[in-house]
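Pasted below: my_file-v8.cif, mmCIF, C-alpha atoms.
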data_model
loop_
_atom_site.label_atom_id
_atom_site.label_comp_id
_atom_site.auth_asym_id
_atom_site.auth_seq_id
_atom_site.Cartn_x
_atom_site.Cartn_y
_atom_site.Cartn_z
CA ALA A 261 40.43 -12.50 -40.87
CA ASN A 262 40.68 -15.14 -38.15
CA GLN A 263 38.17 -17.39 -39.97
CA HIS A 264 40.09 -16.85 -43.24
CA PHE A 265 43.42 -17.69 -41.59
CA ARG A 266 41.93 -20.79 -39.98
CA LEU A 267 40.38 -21.96 -43.25
CA THR A 268 43.60 -21.33 -45.19
CA SER A 269 45.63 -23.20 -42.58
CA VAL A 270 43.29 -26.19 -42.59
CA VAL A 271 43.22 -26.34 -46.39
CA LEU A 272 47.01 -26.28 -46.58
CA LEU A 273 47.35 -28.92 -43.87
CA PHE A 274 44.81 -31.11 -45.64
CA LEU A 275 46.59 -30.69 -48.96
CA ALA A 276 49.95 -31.38 -47.33
CA ARG A 277 48.65 -34.68 -45.97
CA VAL A 278 47.25 -35.64 -49.38
CA HIS A 279 50.37 -34.58 -51.23
CA ALA A 280 53.01 -37.32 -51.25
CA GLY A 281 55.88 -34.83 -51.17
CA SER A 282 56.83 -31.98 -48.93
CA LEU A 283 55.03 -28.73 -48.18
CA TYR A 284 57.50 -27.09 -50.54
CA GLY A 285 56.40 -29.49 -53.29
CA LEU A 286 52.77 -28.70 -52.55
CA HIS A 287 53.54 -24.97 -52.62
CA THR A 288 55.24 -25.37 -56.02
CA GLU A 289 52.30 -27.37 -57.33
CA LEU A 290 49.74 -24.80 -56.10
CA ASN A 291 51.73 -21.94 -57.66
CA ARG A 292 51.33 -23.57 -61.08
CA LEU A 293 47.55 -23.14 -60.86
CA ASP A 294 45.56 -20.14 -62.00
CA TRP A 295 44.20 -18.20 -59.03
CA VAL A 296 41.11 -16.00 -59.12
CA ASP A 297 40.85 -13.19 -56.58
CA LEU A 298 37.17 -12.66 -55.74
CA THR A 299 37.83 -9.85 -53.28
CA HIS A 300 37.42 -6.10 -53.49
CA ASN A 301 39.19 -3.46 -51.42
CA PHE A 302 37.33 -2.44 -48.28
CA GLU A 303 36.97 1.29 -48.87
CA GLN A 304 34.62 4.03 -47.81
CA GLY A 305 31.53 4.24 -50.00
CA ILE A 306 31.80 0.77 -51.53
CA PRO A 307 28.48 -0.63 -52.82
CA HIS A 308 26.32 -2.34 -50.22
CA PHE A 309 22.71 -3.16 -49.42
CA PRO A 310 21.07 0.27 -49.10
CA LEU A 311 19.33 -0.47 -45.78
CA LEU A 312 22.71 -1.01 -44.10
CA PRO A 313 24.79 1.90 -42.83
CA ASP A 314 27.98 2.81 -44.65
CA GLU A 315 31.17 1.29 -43.25
CA SER A 316 33.39 3.34 -41.01
CA ARG A 317 37.14 3.36 -40.66
CA GLU A 318 39.32 5.02 -38.05
CA VAL A 319 43.10 5.22 -37.75
CA LEU A 320 44.01 4.17 -34.19
CA PHE A 321 47.80 4.34 -34.51
CA THR A 322 50.07 5.95 -37.10
CA TYR A 323 53.68 5.27 -38.01
CA SER A 324 54.68 8.08 -35.69
CA ASP A 325 53.38 5.79 -32.90
CA GLY A 326 55.70 3.09 -34.21
CA PHE A 327 53.10 1.07 -36.15
CA PHE A 328 49.94 1.53 -38.23
CA VAL A 329 46.52 0.19 -37.09
CA GLU A 330 43.05 0.90 -38.40
CA TYR A 331 39.65 0.10 -36.87
CA PHE A 332 36.99 -1.09 -39.33
CA CYS A 333 33.26 -1.29 -38.61
CA HIS A 334 30.63 -2.72 -40.97
CA ALA A 335 27.45 -4.78 -40.96
CA GLY A 336 27.91 -8.56 -41.02
CA GLN A 337 26.30 -8.97 -44.42
CA TRP A 338 28.75 -6.78 -46.30
CA GLY A 339 30.11 -7.28 -49.80
CA THR A 340 30.57 -10.69 -51.39
CA HIS A 341 29.65 -13.30 -48.82
CA CYS A 342 27.80 -16.55 -48.23
CA ASP A 343 24.69 -16.33 -46.14
CA PRO A 344 24.52 -18.89 -43.34
CA PRO A 345 21.17 -20.63 -42.79
CA ASN A 346 20.27 -18.29 -39.89
CA HIS A 347 20.39 -15.26 -42.19
CA PHE A 348 16.79 -15.98 -43.22
CA HIS A 349 15.55 -18.50 -40.62
CA GLU A 350 15.75 -18.05 -36.86
CA GLY A 351 17.25 -20.96 -34.96
CA LEU A 352 19.31 -22.33 -37.84
CA ARG A 353 23.12 -22.43 -37.96
CA SER A 354 25.25 -19.30 -38.03
CA VAL A 355 28.66 -18.98 -39.67
CA SER A 356 30.37 -19.89 -36.39
CA ASP A 357 28.32 -23.13 -36.27
CA ILE A 358 29.58 -24.29 -39.66
CA SER A 359 32.86 -26.15 -39.32
CA VAL A 360 35.83 -25.38 -41.52
CA LYS A 361 35.66 -28.93 -42.86
CA GLU A 362 32.12 -28.26 -44.13
CA GLN A 363 33.38 -25.17 -45.97
CA PHE A 364 35.93 -27.08 -48.04
CA LEU A 365 33.79 -28.19 -50.96
CA PRO A 366 34.01 -28.97 -54.66
CA LEU A 367 33.21 -25.79 -56.59
CA VAL A 368 30.81 -25.69 -59.52
CA VAL A 369 30.54 -22.45 -61.52
CA ILE A 370 27.52 -22.12 -63.79
CA ASN A 371 28.11 -19.36 -66.31
CA VAL A 372 25.01 -17.30 -67.15
CA VAL A 373 26.83 -14.16 -68.31
CA ALA A 374 25.18 -14.15 -71.75
CA GLN A 375 21.69 -14.57 -70.27
CA VAL A 376 22.26 -11.75 -67.76
CA GLU A 377 23.56 -9.42 -70.48
CA HIS A 378 20.24 -9.95 -72.28
CA ASP A 379 18.06 -9.90 -69.13
CA PRO A 380 19.39 -8.33 -65.91
CA ASP A 381 16.54 -10.02 -63.98
CA TYR A 382 17.65 -13.43 -65.21
CA GLN A 383 17.14 -16.28 -62.77
CA ILE A 384 19.32 -19.34 -63.19
CA ARG A 385 17.20 -22.28 -64.41
CA MET A 386 17.47 -26.05 -64.29
CA LYS A 387 18.29 -25.89 -68.01
CA ASP A 388 21.48 -23.99 -67.09
CA VAL A 389 22.39 -26.70 -64.59
CA GLU A 390 21.60 -29.43 -67.14
CA ASP A 391 23.73 -27.67 -69.76
CA TRP A 392 26.62 -27.53 -67.27
CA GLU A 393 26.19 -31.23 -66.50
CA GLU A 394 26.13 -32.10 -70.19
CA LYS A 395 29.59 -30.51 -70.58
CA ASN A 396 31.11 -31.45 -67.21
CA GLY A 397 29.23 -34.43 -65.79
CA LYS A 398 26.85 -34.59 -62.87
CA VAL A 399 27.17 -31.88 -60.21
CA PRO A 400 29.01 -33.67 -57.39
CA GLU A 401 26.89 -34.15 -54.27
CA GLY A 402 27.76 -31.63 -51.60
CA SER A 403 29.22 -29.13 -54.08
CA PHE A 404 29.21 -25.39 -53.59
CA VAL A 405 27.42 -24.12 -56.70
CA ILE A 406 27.84 -20.51 -57.74
CA MET A 407 26.38 -18.53 -60.60
CA ARG A 408 28.73 -16.46 -62.74
CA THR A 409 27.01 -13.28 -63.91
CA ASP A 410 29.95 -10.86 -64.31
CA TRP A 411 27.92 -8.40 -62.21
CA HIS A 412 31.23 -7.66 -60.48
CA LYS A 413 32.25 -5.60 -63.52
CA ARG A 414 29.82 -2.93 -62.29
CA TRP A 415 31.92 -2.50 -59.14
CA PRO A 416 32.40 -0.05 -57.42
CA ASP A 417 29.52 1.95 -58.94
CA GLN A 418 26.60 1.68 -56.44
CA ALA A 419 24.05 2.80 -59.06
CA ALA A 420 25.33 0.28 -61.62
CA MET A 421 25.27 -2.47 -58.99
CA ALA A 422 21.67 -1.60 -57.99
CA ASN A 423 20.60 -1.22 -61.64
CA ALA A 424 17.40 0.58 -60.60
CA ASP A 425 14.74 1.59 -63.09
CA ASN A 426 12.90 4.94 -63.11
CA SER A 427 10.64 3.70 -60.29
CA GLY A 428 13.64 2.86 -58.09
CA ILE A 429 13.20 -0.91 -58.47
CA SER A 430 16.50 -2.75 -58.75
CA HIS A 431 17.07 -5.31 -61.48
CA TYR A 432 19.74 -7.95 -60.98
CA PRO A 433 20.19 -11.71 -61.48
CA GLY A 434 19.28 -14.35 -58.96
CA TRP A 435 18.36 -17.94 -58.27
CA SER A 436 15.10 -19.57 -59.36
CA GLN A 437 13.13 -21.62 -56.86
CA GLU A 438 13.45 -24.72 -59.08
CA VAL A 439 17.26 -24.60 -58.86
CA LEU A 440 17.31 -23.91 -55.12
CA THR A 441 15.04 -26.82 -54.29
#
Using the file provided, produce a representation of the structure as structure tokens.
Amino acid sequence: ANQHFRLTSVVLLFLARVHAGSLYGLHTELNRLDWVDLTHNFEQGIPHFPLLPDESREVLFTYSDGFFVEYFCHAGQWGTHCDPPNHFHEGLRSVSDISVKEQFLPLVVINVVAQVEHDPDYQIRMKDVEDWEEKNGKVPEGSFVIMRTDWHKRWPDQAAMANADNSGISHYPGWSQEVLT
């Protein structure tokens, strides 16, 4: 939450400096935009990587104490997230090493929903990137590129998210090596 608050504050301050008018004018302008909520409620039993323990939640104070407070505990790689470089390679940067300024990036969304509906093991290809660029122009350098699969529509069904076959092997979309490199 602290990271989110800090990022939100920095983004608003940046936008306020860019915006010629007041913060109120910026607020009005931002409210005209369409907003997409990419979050899910943090609830017991939500889908997660099966090797991680389930989350836990404990009520520390109730309204009879004068206020309500809960304690949440979960693994760091929980739910929708971005993996920092040290997630796979020791010695590389962690989330706390990545500045807020580096996290404010142009967003590119490559839609592969139709491909994933046909093949749940679909891996995004350079052809998908080229098709996006044909419609939208070159992917800006330094962009944050995401792949839209609509896999979120399987939420919160753990079995649907895992999409395992009869042998227990999960089938879900991902990134091809050619696109990552």
Between atom CA of A:Met407 and atom CA of A:Val368, distance in Å (one decimal):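 Atom CA of A:Val368 lies 8.5 Å from atom CA of A:Met407.
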Atomic separation - atom CA of A:Cys342 relative to atom CA of A:Asn291, Å: 26.3 Å
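With distances restricted to only C-alpha atoms, A:Arg317 is the closest residue to A:Cys333 from A:Arg385, A:Arg317, A:His347, A:His287.
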Given the PyMOL selection byres ((chain A and resi 410) around 12) and the file above, list the residues it selects as an mmCIF file with C-alpha atoms, keeping the file's coordinate frame.
data_model
loop_
_atom_site.group_PDB
_atom_site.id
_atom_site.type_symbol
_atom_site.label_atom_id
_atom_site.label_comp_id
_atom_site.auth_asym_id
_atom_site.auth_seq_id
_atom_site.Cartn_x
_atom_site.Cartn_y
_atom_site.Cartn_z
ATOM 1 C CA LEU A 298 37.170 -12.660 -55.740
ATOM 2 C CA VAL A 369 30.540 -22.450 -61.520
ATOM 3 C CA ILE A 370 27.520 -22.120 -63.790
ATOM 4 C CA ASN A 371 28.110 -19.360 -66.310
ATOM 5 C CA VAL A 372 25.010 -17.300 -67.150
ATOM 6 C CA VAL A 373 26.830 -14.160 -68.310
ATOM 7 C CA ALA A 374 25.180 -14.150 -71.750
ATOM 8 C CA GLN A 375 21.690 -14.570 -70.270
ATOM 9 C CA VAL A 376 22.260 -11.750 -67.760
ATOM 10 C CA GLU A 377 23.560 -9.420 -70.480
ATOM 11 C CA PRO A 380 19.390 -8.330 -65.910
ATOM 12 C CA ILE A 406 27.840 -20.510 -57.740
ATOM 13 C CA MET A 407 26.380 -18.530 -60.600
ATOM 14 C CA ARG A 408 28.730 -16.460 -62.740
ATOM 15 C CA THR A 409 27.010 -13.280 -63.910
ATOM 16 C CA TRP A 411 27.920 -8.400 -62.210
ATOM 17 C CA HIS A 412 31.230 -7.660 -60.480
ATOM 18 C CA LYS A 413 32.250 -5.600 -63.520
ATOM 19 C CA ARG A 414 29.820 -2.930 -62.290
ATOM 20 C CA TRP A 415 31.920 -2.500 -59.140
ATOM 21 C CA MET A 421 25.270 -2.470 -58.990
ATOM 22 C CA TYR A 432 19.740 -7.950 -60.980
ATOM 23 C CA PRO A 433 20.190 -11.710 -61.480
#
Between atom CA of A:Ala422 and atom CA of A:Asp343, what is the spacing in Å?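 Atom-to-atom, atom CA of A:Asp343 and atom CA of A:Ala422 are spaced 19.1 Å apart.
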12 Å contact set for A:Glu401, all atoms listed in the file, chain neighbours under 4 positions out, as a PyMOL selection string: chain A and resi 365-368+397+405
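In terms of minimum interatomic distance to A:Leu320, A:Phe332 ranks closest within A:Ser354, A:Phe332, A:Lys398, A:Gly305, counting only C-alpha atoms.
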What's the 8 Å shell around A:Trp435, counting all atoms listed in the file, without same-chain residues fewer than 4 positions away, as a list in words?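 Here the answer would be Gln383, Ile384, Arg385, Val439 and Leu440 of chain A.
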Name the residues that the PyMOL selection byres ((chain A and resi 309) around 10) picks from the file above, as JSON, numbers by chain, using the file's chain letters and numbers. {"A": [307, 308, 310, 311, 312, 313, 314, 335, 337, 338, 339, 418, 421, 422]}
What would the selection look like, as a list of chain:residue names, if the PyMOL selection byres ((chain A and resi 362) around 12) were run on the coordinates I just shared? A:Leu267, A:Val270, A:Val271, A:Val355, A:Ser356, A:Asp357, A:Ile358, A:Ser359, A:Val360, A:Lys361, A:Gln363, A:Phe364, A:Leu365, A:Pro366, A:Gly402, A:Ser403, A:Phe404
Name all residues at most 12 Å from A:Val319 (count only C-alpha atoms; drop same-chain ones fewer than 2 positions away) and give them as a PyMOL selection string. chain A and resi 316-317+321-323+325+327-333
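Considering all atoms listed in the file, the residue among A:Ser436, A:Pro344, A:Asn426, A:Glu303 positioned nearest to A:Asp388 is A:Ser436.
Excluding A:His431 and any residue on its chain fewer than 6 positions from it, the residues at most 10 Å away by all atoms listed in the file are Asp379, Pro380, Asp381, Tyr382, Ala420, Met421, Ala422, Asn423, Ala424 and Asp425 of chain A.
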With 6 Å added on each side, what axis-aligned box encloses every listed atom of stretch 332-347 of chain A? Give the centre and edge lengths in Å to one decimal, as lines of an AutoDock Vina configuration file.
center_x = 28.6
center_y = -10.9
center_z = -45.0
size_x = 28.7
size_y = 31.5
size_z = 24.8
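When all atoms listed in the file are used to measure the gap to A:Gly336, the shortest distance among A:Glu315, A:Thr299, A:Gln437, A:Asn396 belongs to A:Glu315.
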